[in-house]
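Heads up, structure08.txt below (compact mmCIF, C-alpha atoms and all ligand atoms):
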```
# COMPACT_ATOMS: atom_id res chain seq x y z
CA MET A 1 21.91 -0.23 0.10
CA ASN A 2 19.04 0.48 2.45
CA LEU A 3 15.59 -1.05 2.13
CA PHE A 4 13.08 1.44 0.75
CA ASP A 5 11.20 2.96 3.64
CA VAL A 6 7.69 1.77 2.68
CA TYR A 7 6.02 1.33 6.08
CA PRO A 8 6.95 2.05 9.67
CA LEU A 9 8.12 -1.33 10.99
CA PHE A 10 7.18 -3.17 14.18
CA ASP A 11 10.35 -4.08 16.03
CA ILE A 12 9.73 -7.83 15.70
CA GLU A 13 11.66 -10.31 13.57
CA ILE A 14 9.59 -13.41 12.93
CA ALA A 15 11.98 -16.32 12.49
CA LYS A 16 9.64 -19.30 12.26
CA GLY A 17 6.00 -20.19 11.80
CA ILE A 18 4.03 -23.36 12.42
CA GLY A 19 0.29 -23.45 11.80
CA CYS A 20 -1.24 -20.32 13.30
CA ARG A 21 1.72 -19.62 15.61
CA THR A 22 4.85 -17.63 14.86
CA TYR A 23 8.08 -17.27 16.84
CA ASP A 24 10.47 -14.37 16.86
CA LYS A 25 14.24 -14.49 17.11
CA GLN A 26 14.05 -14.57 20.88
CA GLY A 27 11.69 -17.56 20.72
CA ILE A 28 8.66 -15.55 21.85
CA GLU A 29 5.49 -17.20 20.57
CA TYR A 30 2.70 -15.20 18.90
CA LEU A 31 -0.78 -16.30 17.94
CA ASP A 32 -0.76 -15.17 14.32
CA LEU A 33 -4.08 -13.62 13.32
CA TYR A 34 -2.59 -11.91 10.28
CA GLY A 35 -4.04 -14.58 7.99
CA GLY A 36 -1.29 -14.58 5.38
CA HIS A 37 -2.26 -11.10 4.14
CA ALA A 38 -5.56 -12.64 3.04
CA VAL A 39 -3.79 -14.34 0.14
CA ILE A 40 -2.16 -17.39 1.74
CA SER A 41 -4.19 -18.10 4.84
CA ILE A 42 -3.21 -21.77 5.03
CA GLY A 43 -1.12 -21.56 8.17
CA HIS A 44 2.67 -21.60 8.31
CA SER A 45 4.78 -24.47 6.96
CA HIS A 46 1.92 -26.88 6.37
CA PRO A 47 3.63 -30.23 5.53
CA TYR A 48 1.72 -30.64 2.26
CA TYR A 49 2.58 -27.12 1.15
CA VAL A 50 6.25 -27.65 2.06
CA GLN A 51 6.30 -30.99 0.25
CA LYS A 52 4.75 -29.55 -2.93
CA LEU A 53 7.05 -26.53 -2.96
CA THR A 54 10.15 -28.63 -2.24
CA HIS A 55 9.27 -31.02 -5.04
CA GLN A 56 8.78 -28.14 -7.47
CA LEU A 57 11.95 -26.32 -6.42
CA GLU A 58 13.96 -29.50 -6.88
CA ASN A 59 12.59 -29.95 -10.39
CA LEU A 60 11.90 -26.64 -12.09
CA VAL A 61 11.73 -23.21 -10.51
CA PHE A 62 10.79 -20.98 -13.40
CA TYR A 63 9.85 -21.28 -17.02
CA SER A 64 8.12 -19.13 -19.59
CA ASN A 65 4.32 -19.19 -19.75
CA SER A 66 4.56 -19.80 -23.49
CA VAL A 67 4.92 -23.55 -22.92
CA VAL A 68 2.42 -26.03 -21.48
CA ASN A 69 2.24 -25.89 -17.69
CA LYS A 70 0.08 -28.70 -16.33
CA LEU A 71 0.16 -27.21 -12.83
CA GLN A 72 -1.59 -24.08 -14.08
CA VAL A 73 -4.22 -26.19 -15.82
CA GLU A 74 -4.73 -28.19 -12.64
CA LEU A 75 -5.03 -24.97 -10.59
CA ALA A 76 -7.60 -23.49 -12.98
CA ASP A 77 -9.59 -26.70 -12.81
CA LYS A 78 -9.54 -26.81 -9.00
CA LEU A 79 -10.34 -23.09 -8.62
CA GLY A 80 -13.21 -23.41 -11.09
CA LYS A 81 -14.71 -26.28 -9.11
CA ALA A 82 -14.12 -24.65 -5.70
CA SER A 83 -15.61 -21.31 -6.74
CA GLY A 84 -18.47 -22.67 -8.83
CA TYR A 85 -17.23 -20.70 -11.88
CA GLU A 86 -16.07 -23.57 -14.04
CA ASP A 87 -16.89 -21.78 -17.29
CA TYR A 88 -14.69 -18.77 -16.37
CA SER A 89 -11.06 -18.29 -17.48
CA LEU A 90 -8.20 -17.92 -15.03
CA PHE A 91 -5.67 -15.13 -15.58
CA LEU A 92 -2.60 -15.69 -13.41
CA ALA A 93 -0.74 -12.66 -12.12
CA ASN A 94 2.12 -12.16 -9.67
CA SER A 95 0.67 -9.67 -7.24
CA GLY A 96 -2.44 -7.99 -5.93
CA ALA A 97 -1.59 -4.81 -7.81
CA GLU A 98 -1.29 -6.70 -11.06
CA ALA A 99 -4.60 -8.46 -10.45
CA ASN A 100 -6.35 -5.12 -9.81
CA GLU A 101 -4.61 -3.48 -12.75
CA ASN A 102 -5.86 -6.17 -15.09
CA ALA A 103 -9.33 -6.28 -13.54
CA LEU A 104 -9.68 -2.55 -14.30
CA LYS A 105 -8.44 -3.05 -17.85
CA LEU A 106 -10.65 -6.06 -18.40
CA ALA A 107 -13.74 -4.16 -17.18
CA SER A 108 -12.87 -1.25 -19.46
CA PHE A 109 -12.26 -3.50 -22.47
CA HIS A 110 -15.60 -5.12 -21.76
CA ASN A 111 -17.79 -2.05 -21.21
CA GLY A 112 -15.73 0.56 -23.11
CA ARG A 113 -15.90 2.96 -20.15
CA ARG A 114 -13.16 5.00 -18.45
CA LYS A 115 -14.80 6.14 -15.25
CA VAL A 116 -14.04 4.24 -12.04
CA ILE A 117 -15.66 4.68 -8.64
CA ALA A 118 -13.29 3.89 -5.77
CA PHE A 119 -13.45 4.20 -2.00
CA ASN A 120 -11.70 6.97 -0.10
CA LYS A 121 -8.59 5.76 1.73
CA SER A 122 -8.62 2.45 -0.12
CA PHE A 123 -5.45 0.84 -1.44
CA HIS A 124 -5.13 -1.20 -4.60
CA GLY A 125 -1.38 -1.53 -5.18
CA ARG A 126 1.34 0.40 -6.91
CA THR A 127 0.86 -0.27 -10.63
CA SER A 128 -0.38 2.59 -12.81
CA ALA A 129 -4.12 1.92 -12.95
CA ALA A 130 -4.16 0.78 -9.31
CA VAL A 131 -2.50 4.04 -8.25
CA ARG A 132 -4.83 6.07 -10.48
CA VAL A 133 -7.84 4.81 -8.49
CA THR A 134 -6.15 5.56 -5.15
CA ASN A 135 -6.48 9.04 -3.68
CA ASN A 136 -3.30 8.94 -1.67
CA PRO A 137 -0.96 11.68 -2.94
CA LYS A 138 2.02 9.87 -1.40
CA ILE A 139 1.88 7.12 -4.04
CA VAL A 140 0.65 9.18 -7.01
CA ALA A 141 3.56 10.29 -9.21
CA PRO A 142 3.08 12.95 -11.93
CA ILE A 143 3.33 10.15 -14.52
CA ASN A 144 0.17 8.57 -13.04
CA GLU A 145 -1.85 11.59 -14.19
CA GLY A 146 -1.29 10.45 -17.78
CA PHE A 147 1.79 10.70 -19.95
CA ASP A 148 3.04 10.85 -23.51
CA VAL A 149 5.10 8.07 -25.02
CA GLU A 150 7.32 8.38 -28.04
CA PHE A 151 7.96 5.13 -29.90
CA TYR A 152 11.43 5.36 -31.27
CA GLY A 153 13.27 3.29 -33.88
CA LYS A 154 13.56 -0.48 -33.75
CA ILE A 155 14.71 -2.76 -30.97
CA THR A 156 17.61 -3.97 -33.16
CA MET A 157 19.16 -0.51 -32.80
CA PHE A 158 19.65 -1.25 -29.13
CA VAL A 159 21.07 -4.77 -29.53
CA PRO A 160 24.75 -3.68 -29.78
CA LEU A 161 24.23 -1.51 -26.71
CA LEU A 162 22.63 -4.38 -24.81
CA LEU A 163 25.43 -6.77 -25.80
CA LYS A 164 27.98 -4.27 -24.50
CA GLU A 165 26.11 -4.11 -21.22
CA PHE A 166 25.91 -7.94 -21.00
CA ARG A 167 29.65 -8.26 -21.67
CA ALA A 168 30.49 -5.72 -19.03
CA LEU A 169 28.22 -7.51 -16.59
CA ALA A 170 29.73 -10.91 -17.43
CA GLU A 171 33.25 -9.56 -16.95
CA TYR A 172 32.22 -8.04 -13.69
CA GLU A 173 30.76 -11.32 -12.52
CA SER A 174 33.77 -13.22 -13.97
CA GLN A 175 31.35 -15.51 -15.74
CA GLN A 176 31.45 -16.79 -19.25
CA LEU A 177 28.84 -15.33 -21.52
CA ILE A 178 27.06 -17.94 -23.60
CA PHE A 179 25.30 -16.93 -26.79
CA PHE A 180 22.45 -18.99 -28.10
CA ARG A 181 21.73 -19.04 -31.80
CA LEU A 182 18.03 -19.52 -32.51
C1 LIG A 201 -6.42 -4.47 -0.74
C2 LIG A 201 -5.10 -4.59 -1.44
N1 LIG A 201 -5.08 -4.49 -2.78
C3 LIG A 201 -3.92 -4.59 -3.44
C4 LIG A 201 -2.73 -4.79 -2.77
C5 LIG A 201 -1.45 -4.88 -3.57
O1 LIG A 201 -0.97 -6.17 -3.57
P1 LIG A 201 0.56 -6.47 -3.96
O2 LIG A 201 1.42 -5.84 -2.90
O3 LIG A 201 0.62 -7.97 -3.99
O4 LIG A 201 0.80 -5.85 -5.31
C6 LIG A 201 -2.71 -4.93 -1.40
C7 LIG A 201 -1.44 -5.14 -0.70
O5 LIG A 201 -1.29 -4.86 0.47
C8 LIG A 201 -3.92 -4.82 -0.70
O6 LIG A 201 -3.95 -4.94 0.64
```
For the structure just supplied, provide its representation as structure tokens.
Amino acid sequence: MNLFDVYPLFDIEIAKGIGCRTYDKQGIEYLDLYGGHAVISIGHSHPYYVQKLTHQLENLVFYSNSVVNKLQVELADKLGKASGYEDYSLFLANSGAEANENALKLASFHNGRRKVIAFNKSFHGRTSAAVRVTNNPKIVAPINEGFDVEFYGKITMFVPLLLKEFRALAEYESQQLIFFRL
């Protein structure tokens, strides 16, 4: 499988980063002014960051957000204090597109409006609302112009089909399928 051809690529493979310096496979050093895509501008491999991530990876990598997560509470508390918006609520999302998508929805829920003013040649991500406010025909699919949905039957109708798929997958992976009874 090939990687989807999203952007033209610079012919550089960054293999390592320390602080504000990166090194490619040939060991050539670069002063990295990229700034972590403006979302993680803390420098590369900061020891505290590495220590916190290592600790978390060794303990629990993923769990549902329907259980208590003290780390999220701690983050909300720290962000509230750092930003001076302690009485605001923190909505955690996985990506910039998701953040913009939900910001648009939240604004619309709040003011009941549907019109958005956006900048020419701006980019907001690839989710539906983010694409809708982006005037780049390359990322606007016909479905982004609005679409009809038909809600059909009940999910239970699909359970036998899903189980068949799971079994086939398990056989393919030569793994034992474990069923949990709730
Ligand atoms: C200004 C801006 N908004 C939104 C996005 C989308 O973020 P993500 O790729 O995390 O969905 C990007 C990503 O490049 C961006 O630069």
Counting only C-alpha atoms and all ligand atoms, name the residues that have an atom within 8 Å of an atom of ligand LIG 201 (chain A); the answer should be given as a short mmCIF file (atom, residue, chain, number, x, y, z; two decimals) with C-alpha atoms, in the coordinates of the input.
```
data_model
loop_
_atom_site.label_atom_id
_atom_site.label_comp_id
_atom_site.auth_asym_id
_atom_site.auth_seq_id
_atom_site.Cartn_x
_atom_site.Cartn_y
_atom_site.Cartn_z
CA HIS A 37 -2.26 -11.10 4.14
CA ASN A 94 2.12 -12.16 -9.67
CA SER A 95 0.67 -9.67 -7.24
CA GLY A 96 -2.44 -7.99 -5.93
CA ALA A 97 -1.59 -4.81 -7.81
CA GLU A 98 -1.29 -6.70 -11.06
CA ALA A 99 -4.60 -8.46 -10.45
CA ASN A 100 -6.35 -5.12 -9.81
CA SER A 122 -8.62 2.45 -0.12
CA PHE A 123 -5.45 0.84 -1.44
CA HIS A 124 -5.13 -1.20 -4.60
CA GLY A 125 -1.38 -1.53 -5.18
CA ARG A 126 1.34 0.40 -6.91
CA THR A 127 0.86 -0.27 -10.63
CA ALA A 130 -4.16 0.78 -9.31
#
```
>> Just want the 12 Å neighbourhood of Lys25 of chain A, counted on only C-alpha atoms, with same-chain residues fewer than 2 positions away dropped. Output as a ChimeraX atom specification.
In response: /A:11-17,22-23,27-30
> Do you have the atom CA of Pro142 of chain A-atom CA of Asn120 of chain A distance handy?
Replying inline: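 Distance reported for this atom pair: 19.9 Å.
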>> Please report the interatomic distance between atom CA of Gln72 of chain A and atom CA of Lys105 of chain A in Å with one decimal.
In response: 22.4 Å
> Quick one, how far is atom CA of Val131 of chain A from atom CA of Lys115 of chain A?
Replying inline: 14.3 Å
